[in-house]
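Visitor: I have a structure here, written as structure tokens, and I will follow up with some questions on it.
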Amino acid sequence: MLFRGWGESVDERWPDLATVADHVGVDHLVVTRHALVREVLADPDTWRPDNALDAVTPVPVAALRVLAGHRFRLPPTLANNSTPSHPAIRGIVAEALHPTRVAAQQPWLTGLVRQRVTGLAAALDAGEPVDLYAELAADLPLLVLARLVELPDAPVGAVKDFARAALELFWAPLHADRQLALAAEVGRFHTVLRHFAATGGGLAAALRADGHSADVVVGALFFLLVAGQETTSQFLTLLLHRLTAEPEVRAGLRAGTVAVADVVEEGLRLEPPIVTWRRVAAVDTTLGGTAVAAGTSVVLWLARAGRDPAVVAAPEAFRPGQRGSRRHLAFGAGAHRCVGAQLARMEAAVVVAEAAPLLDGVSVVRPPWCPDNLTFRMPDAFVVRRS
Ligand code: HEM
């Protein structure tokens, strides 16, 4: 259950809180209701983010050796940082992703997406199958991120492979041989990042100038390269897939009666790329009247919180602008709330505005398939063809 079934309907009954054992026998407290998820996110002193990046399958010694061979270290920097260094690091990243800097990328991104959509429309017109993940969603967020924060001069494919390997290594149920292969991939890229952290411009230089150690610069870049592009690629893929099944929404977009921004929010509510996020109880406490012991791993079911009938009028329906649509917790909340939310929204709005017309009259040849993972959906492909 912890790795499958996150997308299930709210008709499936769940208690507000449930203790669920994972594949290695560790218990997690799964939180299903919007109000309780919010309560946890709003109180980082009681519910610390320290376990956010912990490997859900313990990494065996052989794989740890591979990582150590690459001098792999991941000190708390952003998502898992409850130390006093967090606000300063977050502030520098937030500056690089400031809404005005994000807005300045919009014309460039629109031009790029428009150009691609023209090519994809021609392929569809010719009766060819088109993979909207590979041809559209996969690299766009990385290209934009590179322009905003300056990234190591690595080929797009290498960064994507590294990021997906990291999501698998830390959040998937795994066997030892796979962990070894993933550790090699992640370790290799960590070496690239270490060099870039010492010499690169943009965000790396800003962190260095503020006195942060090489390990912190690497840690921040590591997290950004994973969270700052792979998540949005996944979201674009899942949203486009969902829109193929929503002809009325597409008709509304065409007619101008449905706002693109509302489609993006409803998409984040119903198709979040990050389905759960973790916290750990720092002290003995209570949640929703239930006693929770210090050290308990808490799995916040963000995707289900977005479908809570206490918050949304029609939880299962894709109705842009409906009551509660924007109250989803897809970006978390509180002190660690996603610092790239504005960027992800801008990218999704451009893709919806430009690419939704491609979906008219297509049939799905290959829906996105998502592997077992505690947190990330990681769709692998989305192939359509004109019927
Ligand atoms: C649809 C796309 C995205 C989703 C759904 C998403 C979701 C999330 C979530 C759930 C968290 C944890 C929040 C919490 O603990 O309360 C988070 C944190 C974070 N995200 Fe995103 N994210 C997305 C895109 C991005 C992008 C584009 C960037 C940057 C380029 C980014 C950078 C970050 C950072 C730096 C944090 C850690 C913030 C902190 O701890 O202070 N994310 N994101």
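Simple scheme: letters A, B, ... for chains in structure tokens order, numbers from 1 for residues in each chain, numbers from 1 for ligands in the order shown.
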Around ligand 1, out to 6 Å and counting only C-alpha atoms and all ligand atoms, which residues are there? I want them as a list in words.
Guide: Leu41, Leu78, Ala79, Arg90, Leu145, Leu224, Ala227, Gly228, Gln229, Thr231, Thr232, Phe235, Pro272, Pro273, Ile274, Ala330, Phe331, Gly332, Ala333, Gly334, His336, Arg337, Cys338, Val339, Gly340, Ala341, Leu343 and Ala344 of chain A
Visitor: Write out as a PDB file with N, CA, C and O atoms, in the first residue's frame the residues lying within 8 Å of range 53-70 of chain A, counting only C-alpha atoms and excluding same-chain residues fewer than 5 positions away.
Guide:
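Result file is selection-v9.pdb:
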ATOM      1  N   VAL A  24      10.074  -2.997   4.702  1.00  0.00           N
ATOM      2  CA  VAL A  24      11.156  -3.489   5.569  1.00  0.00           C
ATOM      3  C   VAL A  24      10.700  -3.529   7.025  1.00  0.00           C
ATOM      4  O   VAL A  24      11.514  -3.653   7.942  1.00  0.00           O
ATOM      5  N   ALA A  79      14.981  20.903   2.008  1.00  0.00           N
ATOM      6  CA  ALA A  79      13.759  20.204   2.432  1.00  0.00           C
ATOM      7  C   ALA A  79      13.909  19.471   3.763  1.00  0.00           C
ATOM      8  O   ALA A  79      12.940  19.329   4.502  1.00  0.00           O
ATOM      9  N   ASN A  80      15.123  18.981   4.086  1.00  0.00           N
ATOM     10  CA  ASN A  80      15.296  18.204   5.325  1.00  0.00           C
ATOM     11  C   ASN A  80      16.080  18.979   6.385  1.00  0.00           C
ATOM     12  O   ASN A  80      16.657  18.392   7.289  1.00  0.00           O
ATOM     13  N   LEU A 169      16.476   5.763  -5.674  1.00  0.00           N
ATOM     14  CA  LEU A 169      17.350   5.318  -4.578  1.00  0.00           C
ATOM     15  C   LEU A 169      16.770   5.698  -3.209  1.00  0.00           C
ATOM     16  O   LEU A 169      16.844   4.926  -2.262  1.00  0.00           O
ATOM     17  N   PHE A 170      16.178   6.891  -3.118  1.00  0.00           N
ATOM     18  CA  PHE A 170      15.719   7.357  -1.804  1.00  0.00           C
ATOM     19  C   PHE A 170      14.259   7.031  -1.499  1.00  0.00           C
ATOM     20  O   PHE A 170      13.883   6.972  -0.338  1.00  0.00           O
ATOM     21  N   TRP A 171      13.425   6.825  -2.539  1.00  0.00           N
ATOM     22  CA  TRP A 171      11.987   6.700  -2.255  1.00  0.00           C
ATOM     23  C   TRP A 171      11.335   5.408  -2.751  1.00  0.00           C
ATOM     24  O   TRP A 171      10.137   5.247  -2.601  1.00  0.00           O
ATOM     25  N   ALA A 172      12.113   4.495  -3.345  1.00  0.00           N
ATOM     26  CA  ALA A 172      11.485   3.287  -3.899  1.00  0.00           C
ATOM     27  C   ALA A 172      11.824   2.051  -3.058  1.00  0.00           C
ATOM     28  O   ALA A 172      12.867   2.014  -2.395  1.00  0.00           O
ATOM     29  N   PRO A 173      10.966   1.036  -3.095  1.00  0.00           N
ATOM     30  CA  PRO A 173      11.328  -0.254  -2.503  1.00  0.00           C
ATOM     31  C   PRO A 173      12.305  -0.935  -3.456  1.00  0.00           C
ATOM     32  O   PRO A 173      12.019  -1.061  -4.645  1.00  0.00           O
ATOM     33  N   LEU A 174      13.473  -1.355  -2.951  1.00  0.00           N
ATOM     34  CA  LEU A 174      14.540  -1.792  -3.862  1.00  0.00           C
ATOM     35  C   LEU A 174      15.238  -3.051  -3.388  1.00  0.00           C
ATOM     36  O   LEU A 174      15.277  -3.330  -2.187  1.00  0.00           O
ATOM     37  N   ALA A 176      19.073  -5.081  -3.359  1.00  0.00           N
ATOM     38  CA  ALA A 176      20.453  -4.605  -3.154  1.00  0.00           C
ATOM     39  C   ALA A 176      21.190  -4.347  -4.469  1.00  0.00           C
ATOM     40  O   ALA A 176      21.943  -3.372  -4.585  1.00  0.00           O
ATOM     41  N   GLN A 179      20.151  -1.097  -5.903  1.00  0.00           N
ATOM     42  CA  GLN A 179      20.688   0.006  -5.090  1.00  0.00           C
ATOM     43  C   GLN A 179      22.133   0.313  -5.472  1.00  0.00           C
ATOM     44  O   GLN A 179      22.544   1.474  -5.533  1.00  0.00           O
ATOM     45  N   LEU A 180      22.866  -0.764  -5.769  1.00  0.00           N
ATOM     46  CA  LEU A 180      24.267  -0.606  -6.161  1.00  0.00           C
ATOM     47  C   LEU A 180      24.370   0.191  -7.465  1.00  0.00           C
ATOM     48  O   LEU A 180      25.175   1.130  -7.575  1.00  0.00           O
ATOM     49  N   ALA A 183      23.353   3.782  -6.832  1.00  0.00           N
ATOM     50  CA  ALA A 183      24.377   4.497  -6.060  1.00  0.00           C
ATOM     51  C   ALA A 183      25.508   4.939  -6.990  1.00  0.00           C
ATOM     52  O   ALA A 183      26.042   6.055  -6.858  1.00  0.00           O
ATOM     53  N   ALA A 184      25.847   4.082  -7.954  1.00  0.00           N
ATOM     54  CA  ALA A 184      26.912   4.436  -8.903  1.00  0.00           C
ATOM     55  C   ALA A 184      26.487   5.646  -9.739  1.00  0.00           C
ATOM     56  O   ALA A 184      27.266   6.589  -9.942  1.00  0.00           O
ATOM     57  N   VAL A 186      24.122   7.971  -9.032  1.00  0.00           N
ATOM     58  CA  VAL A 186      23.981   9.164  -8.197  1.00  0.00           C
ATOM     59  C   VAL A 186      25.363   9.668  -7.765  1.00  0.00           C
ATOM     60  O   VAL A 186      25.634  10.873  -7.778  1.00  0.00           O
ATOM     61  N   GLY A 187      26.251   8.742  -7.411  1.00  0.00           N
ATOM     62  CA  GLY A 187      27.596   9.118  -6.972  1.00  0.00           C
ATOM     63  C   GLY A 187      28.367   9.815  -8.083  1.00  0.00           C
ATOM     64  O   GLY A 187      29.034  10.831  -7.852  1.00  0.00           O
ATOM     65  N   ARG A 188      28.253   9.273  -9.323  1.00  0.00           N
ATOM     66  CA  ARG A 188      28.954   9.876 -10.471  1.00  0.00           C
ATOM     67  C   ARG A 188      28.540  11.337 -10.634  1.00  0.00           C
ATOM     68  O   ARG A 188      29.369  12.222 -10.802  1.00  0.00           O
ATOM     69  N   HIS A 190      27.206  13.271  -8.431  1.00  0.00           N
ATOM     70  CA  HIS A 190      27.610  14.040  -7.256  1.00  0.00           C
ATOM     71  C   HIS A 190      29.024  14.610  -7.465  1.00  0.00           C
ATOM     72  O   HIS A 190      29.314  15.748  -7.074  1.00  0.00           O
ATOM     73  N   THR A 191      29.868  13.822  -8.109  1.00  0.00           N
ATOM     74  CA  THR A 191      31.228  14.299  -8.400  1.00  0.00           C
ATOM     75  C   THR A 191      31.167  15.509  -9.335  1.00  0.00           C
ATOM     76  O   THR A 191      31.899  16.493  -9.150  1.00  0.00           O
ATOM     77  N   LEU A 374       7.365   5.730  -2.912  1.00  0.00           N
ATOM     78  CA  LEU A 374       6.619   6.287  -1.782  1.00  0.00           C
ATOM     79  C   LEU A 374       6.060   7.666  -2.097  1.00  0.00           C
ATOM     80  O   LEU A 374       4.983   8.029  -1.641  1.00  0.00           O
TER      81      LEU A 374
END
Visitor: Please extract the residues of range 186-274 of chain A with a backbone DSSP assignment of helix (DSSP H, G or I) and present them as number ranges by chain.
Guide: A: 186-199, 202-209, 214-227, 230-244, 247-255, 260-270
Visitor: With only C-alpha atoms as the atoms that count, which of A:Arg304, A:Ala255, A:Glu248, A:Ala355 lies nearest to Gly119 in chain A?
Guide: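 Of A:Arg304, A:Ala255, A:Glu248, A:Ala355, the one nearest Gly119 in chain A is A:Ala355, counting only C-alpha atoms.
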Visitor: Between A:Pro315, A:Gly256, A:Pro379, A:Gly295, which one has atoms that come closest to Thr46 in chain A, using only C-alpha atoms?
Guide: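 Residue with the minimum atom-to-atom distance to Thr46 in chain A: A:Gly295.
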Visitor: Choose the residue, out of A:Ala104, A:Ala52, A:Arg33, A:Arg366, that has the smallest atom-to-atom separation from Gly288 in chain A; count only C-alpha atoms.
Guide: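 With only C-alpha atoms as the atom set, the closest residue is A:Arg33.
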Visitor: What does the distance from CA of Arg319 in chain A to CA of Val258 in chain A come to in Å, to one decimal?
Guide: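 Between these atoms lies a distance of 9.4 Å.
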Visitor: To one decimal place, how far is CA of Ala121 in chain A from CA of Met346 in chain A in Å?
Guide: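 Going from CA of Ala121 in chain A over to CA of Met346 in chain A, I get 22.6 Å.
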Visitor: Using only C-alpha atoms, which protein or nucleic acid residues come within 7 Å of Asp380 in chain A? Drop anything in the same chain fewer than 5 positions from it, and give the result as a PyMOL selection string.
Guide: chain A and resi 368-370
Visitor: Can you measure CA of Thr276 in chain A to CA of Phe318 in chain A for me? One decimal in Å is fine.
Guide: 20.6 Å
Visitor: So that I can see what lies close to range 129-134 of chain A, please list as a count of residues only the residues with an atom at most 10 Å from it, counting only C-alpha atoms and leaving out residues fewer than 2 positions away in the same chain.
Guide: 36
Visitor: Between A:Ile89, A:Val102, A:Leu268, A:Val351, which one has atoms that come closest to Val217 in chain A, using only C-alpha atoms?
Guide: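 Result for the nearest residue to Val217 in chain A: A:Ile89.
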Visitor: What's the 12 Å shell around Leu193 in chain A, counting only C-alpha atoms, without same-chain residues fewer than 5 positions away, as a PyMOL selection string?
Guide: chain A and resi 70-74+151-154+159+162+186-188+198-200+204+214-225
Visitor: Show which residues sit within 10 Å of Ala314 in chain A, as a PDB file with C-alpha atoms, in the first residue's frame. Count only C-alpha atoms, and ignore same-chain residues fewer than 5 positions away.
Guide:
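Final file, result-v6.pdb:
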ATOM      1  CA  ARG A 307      -9.493  15.294  -2.474  1.00  0.00           C
ATOM      2  CA  ASP A 308     -10.798  15.839   1.025  1.00  0.00           C
ATOM      3  CA  PRO A 309     -14.575  16.394   0.812  1.00  0.00           C
ATOM      4  CA  ARG A 319     -13.708  21.381 -12.388  1.00  0.00           C
ATOM      5  CA  GLN A 322     -14.512  24.992  -8.136  1.00  0.00           C
ATOM      6  CA  ARG A 323     -14.736  25.767  -4.420  1.00  0.00           C
ATOM      7  CA  GLY A 324     -11.609  24.501  -2.674  1.00  0.00           C
ATOM      8  CA  SER A 325      -9.696  23.816  -5.905  1.00  0.00           C
TER       9      SER A 325
END
Visitor: Among range 264-317 of chain A, which ones does DSSP place in strand (DSSP E), written as a list in words?
Guide: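 Assigned to strand (DSSP E), within range 264-317 of chain A: Thr276, Trp277, Arg278, Arg279, Val280, Ala281, Thr285, Thr286, Leu287, Thr290, Ala291, Val292, Ser297, Val298, Val299, Leu300 and Trp301 of chain A.
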Visitor: Please produce a file of those selected residues containing all heavy atoms, as a short mmCIF file (atom, residue, chain, number, x, y, z; two decimals), in the first residue's frame.
Guide:
data_model
loop_
_atom_site.label_atom_id
_atom_site.label_comp_id
_atom_site.auth_asym_id
_atom_site.auth_seq_id
_atom_site.Cartn_x
_atom_site.Cartn_y
_atom_site.Cartn_z
N THR A 276 3.07 12.01 -1.54
CA THR A 276 3.23 12.05 -0.08
C THR A 276 4.50 12.83 0.25
O THR A 276 5.38 12.97 -0.60
CB THR A 276 3.43 10.65 0.54
OG1 THR A 276 4.74 10.18 0.22
CG2 THR A 276 2.39 9.66 0.08
N TRP A 277 4.58 13.30 1.48
CA TRP A 277 5.82 13.93 1.95
C TRP A 277 5.98 13.57 3.42
O TRP A 277 4.99 13.39 4.11
CB TRP A 277 5.78 15.44 1.73
CG TRP A 277 7.15 16.06 1.70
CD1 TRP A 277 7.66 16.92 2.60
CD2 TRP A 277 8.17 15.86 0.70
NE1 TRP A 277 8.95 17.27 2.24
CE2 TRP A 277 9.27 16.63 1.08
CE3 TRP A 277 8.24 15.09 -0.47
CZ2 TRP A 277 10.47 16.67 0.34
CZ3 TRP A 277 9.42 15.13 -1.21
CH2 TRP A 277 10.51 15.91 -0.81
N ARG A 278 7.23 13.45 3.89
CA ARG A 278 7.42 12.95 5.26
C ARG A 278 7.82 14.03 6.26
O ARG A 278 8.44 15.01 5.92
CB ARG A 278 8.51 11.85 5.25
CG ARG A 278 8.01 10.51 4.80
CD ARG A 278 9.13 9.51 4.69
NE ARG A 278 10.04 9.82 3.61
CZ ARG A 278 11.21 9.19 3.40
NH1 ARG A 278 11.60 8.23 4.21
NH2 ARG A 278 11.97 9.52 2.38
N ARG A 279 7.45 13.77 7.49
CA ARG A 279 7.93 14.51 8.65
C ARG A 279 8.22 13.48 9.74
O ARG A 279 7.78 12.33 9.64
CB ARG A 279 6.86 15.48 9.18
CG ARG A 279 6.57 16.67 8.27
CD ARG A 279 7.69 17.71 8.33
NE ARG A 279 7.30 18.99 7.76
CZ ARG A 279 7.52 19.36 6.50
NH1 ARG A 279 8.11 18.54 5.65
NH2 ARG A 279 7.17 20.57 6.09
N VAL A 280 8.91 13.91 10.81
CA VAL A 280 9.16 13.01 11.93
C VAL A 280 8.76 13.74 13.22
O VAL A 280 9.06 14.94 13.37
CB VAL A 280 10.62 12.51 11.95
CG1 VAL A 280 11.62 13.66 12.02
CG2 VAL A 280 10.87 11.54 13.08
N ALA A 281 8.07 13.02 14.10
CA ALA A 281 7.67 13.64 15.37
C ALA A 281 8.92 13.90 16.21
O ALA A 281 9.69 12.98 16.49
CB ALA A 281 6.70 12.73 16.12
N THR A 285 3.72 13.54 21.29
CA THR A 285 2.70 14.56 21.04
C THR A 285 1.37 13.88 20.69
O THR A 285 1.25 12.66 20.84
CB THR A 285 3.17 15.51 19.91
OG1 THR A 285 2.19 16.54 19.72
CG2 THR A 285 3.41 14.80 18.60
N THR A 286 0.40 14.66 20.23
CA THR A 286 -0.86 14.08 19.75
C THR A 286 -1.20 14.71 18.40
O THR A 286 -0.81 15.84 18.11
CB THR A 286 -2.04 14.35 20.72
OG1 THR A 286 -2.19 15.76 20.85
CG2 THR A 286 -1.83 13.70 22.07
N LEU A 287 -1.95 13.97 17.62
CA LEU A 287 -2.45 14.48 16.34
C LEU A 287 -3.88 13.96 16.16
O LEU A 287 -4.10 12.74 16.24
CB LEU A 287 -1.56 14.01 15.18
CG LEU A 287 -1.93 14.56 13.80
CD1 LEU A 287 -1.78 16.09 13.74
CD2 LEU A 287 -1.05 13.92 12.71
N THR A 290 -4.92 11.47 18.66
CA THR A 290 -4.17 10.22 18.79
C THR A 290 -2.76 10.51 19.32
O THR A 290 -2.11 11.46 18.84
CB THR A 290 -4.05 9.54 17.40
OG1 THR A 290 -5.37 9.28 16.93
CG2 THR A 290 -3.26 8.23 17.46
N ALA A 291 -2.30 9.70 20.27
CA ALA A 291 -0.94 9.88 20.80
C ALA A 291 0.07 9.46 19.74
O ALA A 291 -0.10 8.43 19.07
CB ALA A 291 -0.77 9.04 22.06
N VAL A 292 1.12 10.26 19.57
CA VAL A 292 2.19 9.94 18.61
C VAL A 292 3.52 10.04 19.35
O VAL A 292 3.83 11.07 19.96
CB VAL A 292 2.19 10.94 17.41
CG1 VAL A 292 3.26 10.55 16.40
CG2 VAL A 292 0.81 10.99 16.74
N SER A 297 7.72 8.16 12.13
CA SER A 297 7.73 8.66 10.75
C SER A 297 6.29 8.95 10.34
O SER A 297 5.42 8.10 10.45
CB SER A 297 8.34 7.61 9.82
OG SER A 297 7.96 7.89 8.48
N VAL A 298 6.06 10.17 9.87
CA VAL A 298 4.71 10.59 9.51
C VAL A 298 4.66 10.78 7.99
O VAL A 298 5.45 11.55 7.43
CB VAL A 298 4.36 11.91 10.23
CG1 VAL A 298 2.98 12.39 9.85
CG2 VAL A 298 4.46 11.72 11.74
N VAL A 299 3.76 10.05 7.34
CA VAL A 299 3.61 10.17 5.89
C VAL A 299 2.37 11.01 5.61
O VAL A 299 1.25 10.58 5.88
CB VAL A 299 3.49 8.77 5.23
CG1 VAL A 299 3.15 8.91 3.75
CG2 VAL A 299 4.80 8.00 5.40
N LEU A 300 2.59 12.20 5.09
CA LEU A 300 1.48 13.11 4.80
C LEU A 300 0.97 12.82 3.39
O LEU A 300 1.70 13.00 2.42
CB LEU A 300 1.97 14.56 4.89
CG LEU A 300 2.62 14.93 6.23
CD1 LEU A 300 3.28 16.30 6.14
CD2 LEU A 300 1.60 14.88 7.35
N TRP A 301 -0.26 12.38 3.30
CA TRP A 301 -0.81 11.96 2.01
C TRP A 301 -1.36 13.22 1.30
O TRP A 301 -2.56 13.50 1.37
CB TRP A 301 -1.91 10.92 2.25
CG TRP A 301 -2.33 10.16 1.04
CD1 TRP A 301 -2.08 10.45 -0.26
CD2 TRP A 301 -3.12 8.96 1.03
NE1 TRP A 301 -2.64 9.52 -1.08
CE2 TRP A 301 -3.29 8.60 -0.32
CE3 TRP A 301 -3.70 8.19 2.03
CZ2 TRP A 301 -4.04 7.48 -0.68
CZ3 TRP A 301 -4.43 7.08 1.66
CH2 TRP A 301 -4.59 6.72 0.32
#
Visitor: I need the residue nearest Gly202 in chain A from this list: A:Ala313, A:Gly25, A:Arg147, A:Thr110. Use only C-alpha atoms for the distance.
Guide: A:Arg147
Visitor: Nearest to Leu148 in chain A: which of A:Thr118, A:Thr83, A:Gln106, A:Ser213 is it, counting only C-alpha atoms?
Guide: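 The answer is A:Gln106, which sits nearest to Leu148 in chain A.
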Visitor: Quick one: residues within 6 Å of Arg269 in chain A, only C-alpha atoms counted, chain neighbours fewer than 2 positions away excluded, as number ranges by chain?
Guide: A: 266-267, 271, 306, 328
